[in-house]
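With PDB, C-alpha atoms inside, this is target26.pdb:
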```
ATOM      1  CA  ALA A1099       0.000   0.000   0.000  1.00  0.00           C
ATOM      2  CA  GLN A1100       1.159   3.496  -0.763  1.00  0.00           C
ATOM      3  CA  THR A1101       2.044   5.567   2.275  1.00  0.00           C
ATOM      4  CA  VAL A1102       3.008   9.201   2.664  1.00  0.00           C
ATOM      5  CA  THR A1103       4.935  10.421   5.694  1.00  0.00           C
ATOM      6  CA  GLN A1104       5.510  13.958   6.884  1.00  0.00           C
ATOM      7  CA  SER A1105       7.824  13.788   9.873  1.00  0.00           C
ATOM      8  CA  GLN A1106       7.533  17.442  10.927  1.00  0.00           C
ATOM      9  CA  PRO A1107       4.244  18.143  12.737  1.00  0.00           C
ATOM     10  CA  GLU A1108       5.142  21.823  13.081  1.00  0.00           C
ATOM     11  CA  MET A1109       7.640  24.212  11.528  1.00  0.00           C
ATOM     12  CA  SER A1110       8.216  27.917  11.937  1.00  0.00           C
ATOM     13  CA  VAL A1111      10.042  30.523   9.862  1.00  0.00           C
ATOM     14  CA  GLN A1112      10.760  34.221   9.996  1.00  0.00           C
ATOM     15  CA  GLU A1113       9.158  36.384   7.362  1.00  0.00           C
ATOM     16  CA  ALA A1114      11.395  36.659   4.252  1.00  0.00           C
ATOM     17  CA  GLU A1115      13.403  33.570   5.241  1.00  0.00           C
ATOM     18  CA  THR A1116      13.396  30.126   3.630  1.00  0.00           C
ATOM     19  CA  VAL A1117      11.872  26.961   5.037  1.00  0.00           C
ATOM     20  CA  THR A1118      11.824  23.361   3.828  1.00  0.00           C
ATOM     21  CA  LEU A1119       9.054  20.883   4.584  1.00  0.00           C
ATOM     22  CA  SER A1120       9.843  17.175   4.307  1.00  0.00           C
ATOM     23  CA  CYS A1121       7.855  14.331   2.804  1.00  0.00           C
ATOM     24  CA  THR A1122       8.674  10.714   2.069  1.00  0.00           C
ATOM     25  CA  TYR A1123       6.489   8.179   0.325  1.00  0.00           C
ATOM     26  CA  ASP A1124       6.382   4.552  -0.537  1.00  0.00           C
ATOM     27  CA  THR A1125       5.387   3.176  -3.925  1.00  0.00           C
ATOM     28  CA  SER A1126       6.304   0.442  -6.358  1.00  0.00           C
ATOM     29  CA  GLU A1127       5.201   2.505  -9.341  1.00  0.00           C
ATOM     30  CA  SER A1128       7.684   4.117 -11.721  1.00  0.00           C
ATOM     31  CA  ASP A1129       5.524   6.860 -13.175  1.00  0.00           C
ATOM     32  CA  TYR A1130       3.340   8.970 -10.904  1.00  0.00           C
ATOM     33  CA  TYR A1131       2.531  12.449  -9.665  1.00  0.00           C
ATOM     34  CA  LEU A1132       3.260  14.023  -6.332  1.00  0.00           C
ATOM     35  CA  PHE A1133       1.530  17.084  -4.906  1.00  0.00           C
ATOM     36  CA  TRP A1134       1.841  19.650  -2.172  1.00  0.00           C
ATOM     37  CA  TYR A1135      -1.405  21.201  -0.971  1.00  0.00           C
ATOM     38  CA  LYS A1136      -1.844  24.119   1.390  1.00  0.00           C
ATOM     39  CA  GLN A1137      -4.764  24.378   3.810  1.00  0.00           C
ATOM     40  CA  PRO A1138      -5.066  27.860   5.364  1.00  0.00           C
ATOM     41  CA  PRO A1139      -7.454  28.643   8.245  1.00  0.00           C
ATOM     42  CA  SER A1140     -10.327  28.828   5.735  1.00  0.00           C
ATOM     43  CA  ARG A1141      -9.721  25.056   5.339  1.00  0.00           C
ATOM     44  CA  GLN A1142      -9.908  25.060   1.560  1.00  0.00           C
ATOM     45  CA  MET A1143      -7.267  22.784   0.033  1.00  0.00           C
ATOM     46  CA  ILE A1144      -5.163  24.780  -2.412  1.00  0.00           C
ATOM     47  CA  LEU A1145      -2.764  23.152  -4.854  1.00  0.00           C
ATOM     48  CA  VAL A1146       0.742  24.538  -4.339  1.00  0.00           C
ATOM     49  CA  ILE A1147       2.847  22.497  -6.718  1.00  0.00           C
ATOM     50  CA  ARG A1148       2.892  19.274  -8.734  1.00  0.00           C
ATOM     51  CA  GLN A1149       5.810  17.041  -9.682  1.00  0.00           C
ATOM     52  CA  GLU A1150       5.743  14.369 -12.359  1.00  0.00           C
ATOM     53  CA  ALA A1151       8.016  11.476 -11.473  1.00  0.00           C
ATOM     54  CA  TYR A1152       9.333  10.947 -15.001  1.00  0.00           C
ATOM     55  CA  LYS A1153      10.661  14.509 -15.068  1.00  0.00           C
ATOM     56  CA  GLN A1154      14.106  14.835 -13.551  1.00  0.00           C
ATOM     57  CA  GLN A1155      13.780  18.581 -13.274  1.00  0.00           C
ATOM     58  CA  ASN A1156      12.371  19.805  -9.976  1.00  0.00           C
ATOM     59  CA  ALA A1157       9.071  21.696 -10.246  1.00  0.00           C
ATOM     60  CA  THR A1158       8.978  25.393  -9.409  1.00  0.00           C
ATOM     61  CA  GLU A1159       6.063  27.784  -8.906  1.00  0.00           C
ATOM     62  CA  ASN A1160       7.203  31.284  -8.036  1.00  0.00           C
ATOM     63  CA  ARG A1161       8.512  31.112  -4.430  1.00  0.00           C
ATOM     64  CA  PHE A1162       7.719  27.408  -4.109  1.00  0.00           C
ATOM     65  CA  SER A1163      10.028  24.682  -5.336  1.00  0.00           C
ATOM     66  CA  VAL A1164      10.512  21.003  -4.671  1.00  0.00           C
ATOM     67  CA  ASN A1165      13.510  18.763  -4.144  1.00  0.00           C
ATOM     68  CA  PHE A1166      12.426  15.484  -5.705  1.00  0.00           C
ATOM     69  CA  GLN A1167      14.700  12.513  -5.015  1.00  0.00           C
ATOM     70  CA  LYS A1168      13.053   9.581  -6.780  1.00  0.00           C
ATOM     71  CA  ALA A1169      15.458   6.882  -5.631  1.00  0.00           C
ATOM     72  CA  ALA A1170      15.142   8.007  -2.025  1.00  0.00           C
ATOM     73  CA  LYS A1171      11.364   8.516  -2.420  1.00  0.00           C
ATOM     74  CA  SER A1172      11.667  11.981  -0.977  1.00  0.00           C
ATOM     75  CA  PHE A1173       9.665  15.054  -1.992  1.00  0.00           C
ATOM     76  CA  SER A1174      10.403  18.168   0.029  1.00  0.00           C
ATOM     77  CA  LEU A1175       8.865  21.610  -0.432  1.00  0.00           C
ATOM     78  CA  LYS A1176      10.999  24.746  -0.201  1.00  0.00           C
ATOM     79  CA  ILE A1177       9.320  28.079   0.425  1.00  0.00           C
ATOM     80  CA  SER A1178      11.552  31.068  -0.286  1.00  0.00           C
ATOM     81  CA  ASP A1179      10.978  34.635   0.908  1.00  0.00           C
ATOM     82  CA  SER A1180       8.279  33.418   3.303  1.00  0.00           C
ATOM     83  CA  GLN A1181       5.241  35.639   3.685  1.00  0.00           C
ATOM     84  CA  LEU A1182       2.634  35.865   6.444  1.00  0.00           C
ATOM     85  CA  GLY A1183       0.075  34.450   4.018  1.00  0.00           C
ATOM     86  CA  ASP A1184       2.088  31.255   3.747  1.00  0.00           C
ATOM     87  CA  ALA A1185       1.020  30.272   7.256  1.00  0.00           C
ATOM     88  CA  ALA A1186      -1.096  27.139   6.870  1.00  0.00           C
ATOM     89  CA  MET A1187      -1.160  23.376   7.164  1.00  0.00           C
ATOM     90  CA  TYR A1188       0.774  21.793   4.302  1.00  0.00           C
ATOM     91  CA  PHE A1189      -0.011  18.322   3.020  1.00  0.00           C
ATOM     92  CA  CYS A1190       2.047  16.121   0.766  1.00  0.00           C
ATOM     93  CA  ALA A1191      -0.144  13.854  -1.379  1.00  0.00           C
ATOM     94  CA  TYR A1192       0.263  10.906  -3.716  1.00  0.00           C
ATOM     95  CA  PRO A1193      -2.473   9.615  -6.055  1.00  0.00           C
ATOM     96  CA  GLN A1194      -3.065   5.905  -6.032  1.00  0.00           C
ATOM     97  CA  SER A1195      -2.280   4.570  -9.490  1.00  0.00           C
ATOM     98  CA  GLY A1196      -4.011   1.224  -9.388  1.00  0.00           C
ATOM     99  CA  GLY A1197      -6.403  -1.028  -7.539  1.00  0.00           C
ATOM    100  CA  THR A1198      -9.916  -0.283  -6.370  1.00  0.00           C
ATOM    101  CA  SER A1199      -9.314   3.364  -5.490  1.00  0.00           C
ATOM    102  CA  TYR A1200      -7.452   4.511  -8.557  1.00  0.00           C
ATOM    103  CA  GLY A1201      -6.852   8.261  -8.408  1.00  0.00           C
ATOM    104  CA  LYS A1202      -7.438   8.475  -4.666  1.00  0.00           C
ATOM    105  CA  LEU A1203      -5.107  10.946  -3.021  1.00  0.00           C
ATOM    106  CA  THR A1204      -3.199   9.545  -0.060  1.00  0.00           C
ATOM    107  CA  PHE A1205      -2.237  12.413   2.228  1.00  0.00           C
ATOM    108  CA  GLY A1206       0.531  12.767   4.727  1.00  0.00           C
ATOM    109  CA  GLN A1207      -0.235  13.804   8.287  1.00  0.00           C
ATOM    110  CA  GLY A1208       0.387  17.468   7.540  1.00  0.00           C
ATOM    111  CA  THR A1209       2.868  20.096   8.730  1.00  0.00           C
ATOM    112  CA  ILE A1210       1.657  23.262  10.420  1.00  0.00           C
ATOM    113  CA  LEU A1211       3.754  26.204   9.214  1.00  0.00           C
ATOM    114  CA  THR A1212       3.918  29.340  11.341  1.00  0.00           C
ATOM    115  CA  VAL A1213       5.405  32.516   9.865  1.00  0.00           C
ATOM    116  CA  HIS A1214       6.761  35.070  12.350  1.00  0.00           C
ATOM    117  CA  PRO A1215       6.828  38.757  11.373  1.00  0.00           C
TER     118      PRO A1215
ATOM    119  CA  ASP B1005     -15.127  32.132 -13.280  1.00  0.00           C
ATOM    120  CA  GLY B1006     -14.447  28.418 -13.355  1.00  0.00           C
ATOM    121  CA  GLY B1007     -14.388  26.565 -10.089  1.00  0.00           C
ATOM    122  CA  ILE B1008     -15.949  24.229  -7.584  1.00  0.00           C
ATOM    123  CA  THR B1009     -18.706  25.330  -5.249  1.00  0.00           C
ATOM    124  CA  GLN B1010     -20.001  23.581  -2.170  1.00  0.00           C
ATOM    125  CA  SER B1011     -23.094  24.408  -0.181  1.00  0.00           C
ATOM    126  CA  PRO B1012     -23.941  25.032   2.493  1.00  0.00           C
ATOM    127  CA  LYS B1013     -20.793  26.233   4.226  1.00  0.00           C
ATOM    128  CA  TYR B1014     -22.128  25.129   7.619  1.00  0.00           C
ATOM    129  CA  LEU B1015     -24.743  22.448   8.215  1.00  0.00           C
ATOM    130  CA  PHE B1016     -26.340  21.250  11.408  1.00  0.00           C
ATOM    131  CA  ARG B1017     -28.123  17.934  11.649  1.00  0.00           C
ATOM    132  CA  LYS B1018     -30.128  16.262  14.326  1.00  0.00           C
ATOM    133  CA  GLU B1019     -29.382  12.647  15.040  1.00  0.00           C
ATOM    134  CA  GLY B1020     -31.414  10.311  12.830  1.00  0.00           C
ATOM    135  CA  GLN B1021     -31.717  12.762   9.952  1.00  0.00           C
ATOM    136  CA  ASN B1022     -30.317  12.422   6.452  1.00  0.00           C
ATOM    137  CA  VAL B1023     -28.644  15.502   4.982  1.00  0.00           C
ATOM    138  CA  THR B1024     -27.325  16.229   1.491  1.00  0.00           C
ATOM    139  CA  LEU B1025     -24.195  18.236   0.745  1.00  0.00           C
ATOM    140  CA  SER B1026     -24.000  19.925  -2.630  1.00  0.00           C
ATOM    141  CA  CYS B1027     -20.963  19.985  -4.936  1.00  0.00           C
ATOM    142  CA  GLU B1028     -21.007  21.694  -8.327  1.00  0.00           C
ATOM    143  CA  GLN B1029     -18.180  22.309 -10.805  1.00  0.00           C
ATOM    144  CA  ASN B1030     -18.039  24.234 -14.066  1.00  0.00           C
ATOM    145  CA  LEU B1031     -14.539  23.102 -15.029  1.00  0.00           C
ATOM    146  CA  ASN B1032     -15.845  20.435 -17.418  1.00  0.00           C
ATOM    147  CA  HIS B1033     -14.051  17.803 -15.345  1.00  0.00           C
ATOM    148  CA  ASP B1034     -15.059  14.161 -15.739  1.00  0.00           C
ATOM    149  CA  ALA B1035     -13.936  12.934 -12.308  1.00  0.00           C
ATOM    150  CA  MET B1036     -15.253  14.070  -8.941  1.00  0.00           C
ATOM    151  CA  TYR B1037     -14.439  13.040  -5.371  1.00  0.00           C
ATOM    152  CA  TRP B1038     -15.704  13.407  -1.807  1.00  0.00           C
ATOM    153  CA  TYR B1039     -13.314  13.485   1.141  1.00  0.00           C
ATOM    154  CA  ARG B1040     -13.830  13.724   4.874  1.00  0.00           C
ATOM    155  CA  GLN B1041     -11.422  15.527   7.212  1.00  0.00           C
ATOM    156  CA  ASP B1042     -11.435  15.164  10.973  1.00  0.00           C
ATOM    157  CA  PRO B1043      -9.644  17.696  13.229  1.00  0.00           C
ATOM    158  CA  GLY B1044      -5.860  17.649  12.880  1.00  0.00           C
ATOM    159  CA  GLN B1045      -5.897  14.906  10.276  1.00  0.00           C
ATOM    160  CA  GLY B1046      -5.531  14.457   6.559  1.00  0.00           C
ATOM    161  CA  LEU B1047      -8.315  13.630   4.140  1.00  0.00           C
ATOM    162  CA  ARG B1048     -10.006  10.281   3.680  1.00  0.00           C
ATOM    163  CA  LEU B1049     -11.854   9.305   0.498  1.00  0.00           C
ATOM    164  CA  ILE B1050     -15.590   8.607   0.802  1.00  0.00           C
ATOM    165  CA  TYR B1051     -16.732   8.163  -2.820  1.00  0.00           C
ATOM    166  CA  TYR B1052     -15.451   9.029  -6.249  1.00  0.00           C
ATOM    167  CA  SER B1053     -16.916   9.196  -9.743  1.00  0.00           C
ATOM    168  CA  GLN B1054     -14.978   8.694 -12.939  1.00  0.00           C
ATOM    169  CA  ILE B1055     -17.797   9.755 -15.237  1.00  0.00           C
ATOM    170  CA  VAL B1056     -21.510  10.543 -15.284  1.00  0.00           C
ATOM    171  CA  ASN B1057     -23.738   7.731 -13.964  1.00  0.00           C
ATOM    172  CA  ASP B1058     -20.761   5.947 -12.458  1.00  0.00           C
ATOM    173  CA  PHE B1059     -19.356   6.076  -8.930  1.00  0.00           C
ATOM    174  CA  GLN B1060     -17.246   3.884  -6.660  1.00  0.00           C
ATOM    175  CA  LYS B1061     -16.804   3.512  -2.914  1.00  0.00           C
ATOM    176  CA  GLY B1062     -13.695   4.904  -1.328  1.00  0.00           C
ATOM    177  CA  ASP B1063     -12.144   3.950   2.003  1.00  0.00           C
ATOM    178  CA  ILE B1064     -14.971   5.092   4.301  1.00  0.00           C
ATOM    179  CA  ALA B1065     -18.209   4.820   2.282  1.00  0.00           C
ATOM    180  CA  GLU B1066     -20.367   3.253   5.005  1.00  0.00           C
ATOM    181  CA  GLY B1067     -23.222   5.587   6.002  1.00  0.00           C
ATOM    182  CA  TYR B1068     -22.858   7.748   2.885  1.00  0.00           C
ATOM    183  CA  SER B1069     -24.456   7.733  -0.562  1.00  0.00           C
ATOM    184  CA  VAL B1070     -23.878   9.682  -3.773  1.00  0.00           C
ATOM    185  CA  SER B1071     -25.315  10.198  -7.231  1.00  0.00           C
ATOM    186  CA  ARG B1072     -23.832  11.476 -10.500  1.00  0.00           C
ATOM    187  CA  GLU B1073     -26.692  12.278 -12.818  1.00  0.00           C
ATOM    188  CA  LYS B1074     -24.991  15.318 -14.321  1.00  0.00           C
ATOM    189  CA  LYS B1075     -21.363  15.965 -15.139  1.00  0.00           C
ATOM    190  CA  GLU B1076     -21.381  19.167 -13.104  1.00  0.00           C
ATOM    191  CA  SER B1077     -22.925  17.794  -9.923  1.00  0.00           C
ATOM    192  CA  PHE B1078     -21.908  15.175  -7.345  1.00  0.00           C
ATOM    193  CA  PRO B1079     -24.102  15.454  -4.221  1.00  0.00           C
ATOM    194  CA  LEU B1080     -23.242  13.540  -1.055  1.00  0.00           C
ATOM    195  CA  THR B1081     -25.934  12.286   1.333  1.00  0.00           C
ATOM    196  CA  VAL B1082     -24.940  11.620   4.911  1.00  0.00           C
ATOM    197  CA  THR B1083     -27.427   9.066   6.200  1.00  0.00           C
ATOM    198  CA  SER B1084     -28.513   8.265   9.733  1.00  0.00           C
ATOM    199  CA  ALA B1085     -26.406   5.112   9.457  1.00  0.00           C
ATOM    200  CA  GLN B1086     -23.211   7.177   9.632  1.00  0.00           C
ATOM    201  CA  LYS B1087     -22.289   6.871  13.286  1.00  0.00           C
ATOM    202  CA  ASN B1088     -19.982   9.865  13.623  1.00  0.00           C
ATOM    203  CA  PRO B1089     -20.766  12.340  10.845  1.00  0.00           C
ATOM    204  CA  THR B1090     -19.447  15.513  12.480  1.00  0.00           C
ATOM    205  CA  ALA B1091     -16.530  16.507  10.236  1.00  0.00           C
ATOM    206  CA  PHE B1092     -15.358  18.791   7.457  1.00  0.00           C
ATOM    207  CA  TYR B1093     -16.324  17.563   3.980  1.00  0.00           C
ATOM    208  CA  LEU B1094     -14.370  18.481   0.862  1.00  0.00           C
ATOM    209  CA  CYS B1095     -15.363  17.905  -2.746  1.00  0.00           C
ATOM    210  CA  ALA B1096     -12.770  17.788  -5.507  1.00  0.00           C
ATOM    211  CA  SER B1097     -12.654  17.314  -9.262  1.00  0.00           C
ATOM    212  CA  SER B1098     -10.082  16.465 -11.911  1.00  0.00           C
ATOM    213  CA  ILE B1099     -10.029  16.421 -15.702  1.00  0.00           C
ATOM    214  CA  VAL B1100      -9.857  12.647 -15.640  1.00  0.00           C
ATOM    215  CA  LEU B1101      -9.505  10.118 -12.844  1.00  0.00           C
ATOM    216  CA  GLY B1102      -6.016  10.249 -11.375  1.00  0.00           C
ATOM    217  CA  ASP B1103      -5.144  13.717 -12.636  1.00  0.00           C
ATOM    218  CA  THR B1104      -4.581  16.796 -10.494  1.00  0.00           C
ATOM    219  CA  GLN B1105      -7.463  17.376  -8.095  1.00  0.00           C
ATOM    220  CA  TYR B1106      -8.885  20.805  -7.354  1.00  0.00           C
ATOM    221  CA  PHE B1107     -10.946  21.342  -4.235  1.00  0.00           C
ATOM    222  CA  GLY B1108     -14.054  23.242  -3.265  1.00  0.00           C
ATOM    223  CA  PRO B1109     -14.259  25.395  -0.118  1.00  0.00           C
ATOM    224  CA  GLY B1110     -15.790  22.615   2.006  1.00  0.00           C
ATOM    225  CA  THR B1111     -18.841  22.076   4.212  1.00  0.00           C
ATOM    226  CA  ARG B1112     -18.659  21.831   7.987  1.00  0.00           C
ATOM    227  CA  LEU B1113     -21.260  19.329   9.238  1.00  0.00           C
ATOM    228  CA  THR B1114     -22.179  19.221  12.902  1.00  0.00           C
ATOM    229  CA  VAL B1115     -24.543  16.720  14.475  1.00  0.00           C
ATOM    230  CA  LEU B1116     -26.506  18.148  17.368  1.00  0.00           C
TER     231      LEU B1116
END
```
Can you give me the file's structure in the form of structure tokens?
Amino acid sequence: AQTVTQSQPEMSVQEAETVTLSCTYDTSESDYYLFWYKQPPSRQMILVIRQEAYKQQNATENRFSVNFQKAAKSFSLKISDSQLGDAAMYFCAYPQSGGTSYGKLTFGQGTILTVHP
Amino acid sequence: DGGITQSPKYLFRKEGQNVTLSCEQNLNHDAMYWYRQDPGQGLRLIYYSQIVNDFQKGDIAEGYSVSREKKESFPLTVTSAQKNPTAFYLCASSIVLGDTQYFGPGTRLTVL
């Protein structure tokens, strides 16, 4: 079964600094997607970034970038120039690629990010 | 504007009552999903639909039912058989099953 693990329940960062959130996953698939979602206090899940496993280049979206290490099954999120609006719960997610729940997102436990002014 | 809407934002239910949560999308997505989130936890899949008139159970389907009569709509009914329905419910959609999922704003259901 696919599992997703976020080992940091909470992280904090000073405004304008950089922070990295960790995620590891387990899969036997060779081609798949990985996602980071952000859940602010409003509780809506917002897509932050997507990585396709067959692409060796790490995905980047403005201040957000990933460090994707396929062999190590590691998918960390780096937030540069942190802003107060980045404060949220961040979830790493992996879509199931086979079986009875194809397409189901398996989420990690989440990391609460606090941004200090 | 394209997007996913959920209504109501807050819903209160008395024990023994069925309630229906609405989810509508105008993104022309084929696949739709319902997730449940309990405090401090990630999301768990209730039901999903690959295409109109088709839907499948997820990990925690007991006590829930769905329909998919229109591409744009995927309502979720929480029945009286659901023993602990108080939770936050999120609807999502994707172009096709397995592709990137986009979420609605959610419905907070409380059983009184």
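Minimum atom-to-atom distance to chain B, evaluated using only C-alpha atoms, belongs to A:Arg1148 out of A:His1214, A:Arg1161, A:Arg1148, A:Lys1171.
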Let me know the residues the PyMOL selection byres ((chain A) within 8 of (chain B)) catches in the file above, as number ranges by chain.
A: 1140-1145, 1189, 1193-1195, 1199-1208
Apply the PyMOL selection byres ((chain B and resi 1020-1028) around 10) to the file shown and report the selected residues as an MDAnalysis selection string.
chainID B and resid 1007:1019 1029:1031 1036:1038 1067:1070 1074:1087 1093:1097 1108:1113 1115
Written as a PDB file with C-alpha atoms, in the coordinates of the input, what is the full residue list that the PyMOL selection byres ((chain A and resi 1170) around 12) yields on the file shown?
```pdb
ATOM      1  CA  CYS A1121       7.855  14.331   2.804  1.00  0.00           C
ATOM      2  CA  THR A1122       8.674  10.714   2.069  1.00  0.00           C
ATOM      3  CA  TYR A1123       6.489   8.179   0.325  1.00  0.00           C
ATOM      4  CA  ASP A1124       6.382   4.552  -0.537  1.00  0.00           C
ATOM      5  CA  THR A1125       5.387   3.176  -3.925  1.00  0.00           C
ATOM      6  CA  ASN A1165      13.510  18.763  -4.144  1.00  0.00           C
ATOM      7  CA  PHE A1166      12.426  15.484  -5.705  1.00  0.00           C
ATOM      8  CA  GLN A1167      14.700  12.513  -5.015  1.00  0.00           C
ATOM      9  CA  LYS A1168      13.053   9.581  -6.780  1.00  0.00           C
ATOM     10  CA  ALA A1169      15.458   6.882  -5.631  1.00  0.00           C
ATOM     11  CA  LYS A1171      11.364   8.516  -2.420  1.00  0.00           C
ATOM     12  CA  SER A1172      11.667  11.981  -0.977  1.00  0.00           C
ATOM     13  CA  PHE A1173       9.665  15.054  -1.992  1.00  0.00           C
ATOM     14  CA  SER A1174      10.403  18.168   0.029  1.00  0.00           C
TER      15      SER A1174
END
```
CA of Asp1042 in chain B to CA of Ala1091 in chain B, straight-line distance in Å:
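Taking CA of Ala1091 in chain B and CA of Asp1042 in chain B, their separation equals 5.3 Å.
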Quick one, how far is CA of Ser1105 in chain A from CA of Tyr1131 in chain A?
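Computing it gives 20.3 Å between the two atoms.
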For Gln1100 in chain A, the nearest of the candidates A:Glu1127, A:Leu1119, A:Ile1147, A:Ala1114, counting only C-alpha atoms:
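Ranking A:Glu1127, A:Leu1119, A:Ile1147, A:Ala1114 by distance to Gln1100 in chain A, first place goes to A:Glu1127.
The coordinates place CA of Ala1157 in chain A at 20.0 Å from CA of Thr1209 in chain A.
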For each of B:Arg1040, B:Leu1116, B:Glu1066, B:Asp1034, take the minimum atom-to-atom distance to Ser1053 in chain B, counting all atoms listed in the file, then give the residue where this is smallest.
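Closest candidate: B:Asp1034.
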Give me the residues within 8 Å of Glu1113 in chain A as an MDAnalysis selection string, counting only C-alpha atoms and dropping any in the same chain fewer than 5 places off.
chainID A and resid 1179:1182 1213:1215
Test item: axis-aligned box, all listed atoms of range 1007-1015 of chain B, 8 Å on each side, centre and edges in Å rounded to one decimal, as lines of an AutoDock Vina configuration file:
```
center_x = -19.6
center_y = 24.5
center_z = -0.9
size_x = 26.4
size_y = 20.1
size_z = 34.3
```
